[in-house]
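K.L.:
Mind having a look at this structure? Questions to follow.
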Amino acid sequence: MANLTQLFNLSPTRVAIIRLLKEWGKGTANQLSKALGISRVAAHQHLDLLKAMGLVEVKVERKGRGRPAEVFALTESAEEEFFPRRYDLLALTVLDEVASELGDEFLLRLFRKYREKVVEQLSGRKKNLREKVETLANFLAEEGYFAQWEETNDGFILSLPNCPIAQVAKRFQQACTSEVEMLTKFLDAPVTRECHQVSGDNCCRYFIAKTGNEKSKSRHPTSAKVKTNKEVLRR
């Protein structure tokens, strides 16, 4: 939690509010002010800032005949970032059982279904190849891949320094096979893997070849670093 605290530049009081809301599930400014020994106005100021950062959400609850109260709770984003869930062991156990009972081919079909969901989320946004690459890279950056892309005369280079499912991919190569298939399907262009984290490289890198029409529209080589997790979290 320390690294994320530094990332969001949170004061000790705001960290304490996040911890209390996690412990309680929800709470009012009055409850938080009493628990932290600060004024209700100060508690509201901290909560307003956390709300603006997308870490806290507020709902109005009415109890009896009294005035409705503002009740604060952590957003799903805050839950994931400050109190990460560990799915690796569960996923590996389930996938091991699937492979044992139904075979590797069925497992590949499962990963293909997972990648198809990604393509579905991006459907309707694709235009020319350059715009597809940029759209895909931005999406993958938000998913935690720290994606970067670069345009050359012959194509595009897509680099993924982080793999959110690295532990699964190390055990099941079908995850990586389905990734190449997903990229090819969405981009509708030849995709070649040049580097592979599972094989010991420091990132996964793909070359996306331009077609004849795309080459004729080619600009001078450019590069772009797509939004990283830190930049996404600051929004």
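Chain labels run A, B, ... following the order of the structure tokens; each chain numbers its residues from 1, and ligands are numbered from 1 in the order shown.
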If we count only C-alpha atoms and set the cut-off at 10 Å, which residues sit around Glu179 (chain A), ignoring sequence neighbours fewer than 6 positions away in its own chain? Please answer as a ChimeraX atom specification.
P.N.:
/A:111-112,114-116,185
K.L.:
Can you write out as a Markdown table which residues of region 136-213 of chain A fall within 9 Å of region 89-95 of chain A, alongside each residue's closest atom pair and its distance in Å to one decimal, counting only C-alpha atoms and ordering rows by chain and ascending residue number?
P.N.:
| residue | atom | partner | partner_atom | distance |
| --- | --- | --- | --- | --- |
| A:Gln167 | CA | A:Leu92 | CA | 8.1 |
| A:Val168 | CA | A:Leu92 | CA | 6.3 |
| A:Arg171 | CA | A:Leu92 | CA | 7.9 |
| A:Phe172 | CA | A:Leu95 | CA | 8.5 |
K.L.:
Keeping C-alpha atoms for every residue in the selection just given, could you write it to a file as an mmCIF file, in the first residue's frame?
P.N.:
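Written out: result.cif:
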data_model
loop_
_atom_site.group_PDB
_atom_site.id
_atom_site.type_symbol
_atom_site.label_atom_id
_atom_site.label_comp_id
_atom_site.auth_asym_id
_atom_site.auth_seq_id
_atom_site.Cartn_x
_atom_site.Cartn_y
_atom_site.Cartn_z
ATOM 1 C CA GLN A 167 1.949 -16.542 -13.693
ATOM 2 C CA VAL A 168 -0.814 -18.113 -15.763
ATOM 3 C CA ARG A 171 2.208 -22.401 -16.854
ATOM 4 C CA PHE A 172 -0.113 -22.392 -19.873
#
K.L.:
Check region 52-215 of chain A with DSSP on the backbone and list each residue it calls alpha helix (DSSP H), as number ranges by chain.
P.N.:
A: 52, 76-82, 88-102, 104-122, 129-140, 166-171, 174-187, 212-215
K.L.:
CA of Leu50 (chain A) to CA of Ala35 (chain A): how many Å, to one decimal?
P.N.:
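Spanning CA of Leu50 (chain A) to CA of Ala35 (chain A) is a straight-line distance of 17.6 Å.
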K.L.:
Which residues are close to Arg205 (chain A), i.e. within 12 Å by only C-alpha atoms, leaving aside same-chain residues fewer than 4 positions away? Reply as JSON, numbers by chain.
P.N.:
{"A": [137, 145, 146, 147, 148, 149, 150, 156, 157, 158, 159, 160, 161, 162, 163, 176, 179, 180, 183, 191, 192, 193, 194, 195, 196, 197, 198, 201]}
K.L.:
Those same residues - C-alpha atoms - I'd like them written as a short mmCIF file (atom, residue, chain, number, x, y, z; two decimals), in the first residue's frame.
P.N.:
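Below is the file out_33.cif, written as the result:
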data_model
loop_
_atom_site.label_atom_id
_atom_site.label_comp_id
_atom_site.auth_asym_id
_atom_site.auth_seq_id
_atom_site.Cartn_x
_atom_site.Cartn_y
_atom_site.Cartn_z
CA ALA A 137 -2.29 0.04 -27.00
CA TYR A 145 0.35 -3.97 -19.71
CA PHE A 146 2.24 -0.60 -19.67
CA ALA A 147 1.85 -0.65 -23.46
CA GLN A 148 4.02 1.39 -25.79
CA TRP A 149 3.90 1.60 -29.59
CA GLU A 150 6.07 2.91 -32.38
CA PHE A 156 4.25 -0.84 -36.03
CA ILE A 157 6.05 -2.14 -32.96
CA LEU A 158 3.87 -2.86 -29.93
CA SER A 159 5.74 -3.42 -26.65
CA LEU A 160 4.12 -4.82 -23.49
CA PRO A 161 6.61 -4.54 -20.58
CA ASN A 162 4.18 -5.96 -18.02
CA CYS A 163 1.96 -9.03 -18.21
CA CYS A 176 0.25 -16.54 -25.31
CA GLU A 179 -2.85 -13.33 -27.50
CA VAL A 180 -1.20 -13.45 -30.94
CA LEU A 183 -3.91 -9.13 -32.01
CA VAL A 191 1.51 -9.94 -36.41
CA THR A 192 4.91 -11.39 -35.47
CA ARG A 193 6.14 -11.87 -31.90
CA GLU A 194 9.72 -10.61 -31.58
CA CYS A 195 10.22 -10.88 -27.79
CA HIS A 196 8.49 -13.06 -25.21
CA GLN A 197 8.54 -12.57 -21.44
CA VAL A 198 7.77 -16.22 -20.77
CA ASP A 201 12.83 -11.48 -22.43
#
K.L.:
What does the distance between CA of Gly200 (chain A) and CA of Ser178 (chain A) come to in Å, to one decimal place?
P.N.:
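Going from CA of Gly200 (chain A) over to CA of Ser178 (chain A) covers 19.1 Å.
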K.L.:
Here is a test: counting only C-alpha atoms, which residue of A:Val118, A:Leu74, A:Val133, A:Ala43 is nearest to Val58 (chain A)?
P.N.:
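Closest to Val58 (chain A) of all the choices is A:Leu74.
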K.L.:
Step one, run DSSP on the backbone; step two, keep only residues of region 17-185 of chain A assigned to strand (DSSP E); then write them as number ranges by chain.
P.N.:
A: 56-61, 69-74, 148-151, 155-160
K.L.:
Could you check the closest approach to Ala42 (chain A) for each of A:Val98, A:Ala29, A:Val71, A:Leu20 and tell me which residue wins, using only C-alpha atoms?
P.N.:
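The shortest atom-to-atom distance to Ala42 (chain A) comes from A:Ala29.
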K.L.:
Between A:Asp188, A:Glu23, A:Glu61, A:Glu76, which residue has the minimum interatomic distance to Lys132 (chain A), considering only C-alpha atoms?
P.N.:
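Between A:Asp188, A:Glu23, A:Glu61, A:Glu76, the residue approaching Lys132 (chain A) most closely is A:Asp188.
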K.L.:
To one decimal in Å, tell me the separation between CA of Val56 (chain A) and CA of Ala78 (chain A).
P.N.:
7.4 Å
K.L.:
So which one's closest to Ala16 (chain A), A:Met182, A:Leu47, A:Asn30, A:Lys63? Using only C-alpha atoms, please.
P.N.:
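Ranking A:Met182, A:Leu47, A:Asn30, A:Lys63 by distance to Ala16 (chain A), first place goes to A:Leu47.
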K.L.:
Of the residues A:Ser199, A:Arg130, A:Phe139, A:Gly144, which is the one nearest to Thr211 (chain A), using only C-alpha atoms?
P.N.:
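Among the listed residues, the smallest separation from Thr211 (chain A) belongs to A:Arg130.
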K.L.:
Can you pull out every residue within 12 Å of Gln45 (chain A), counting only C-alpha atoms, but drop anything in the same chain fewer than 5 positions away, and send it as JSON, numbers by chain?
P.N.:
{"A": [13, 14, 17, 29, 32, 33, 38, 39, 40, 50, 51, 52]}
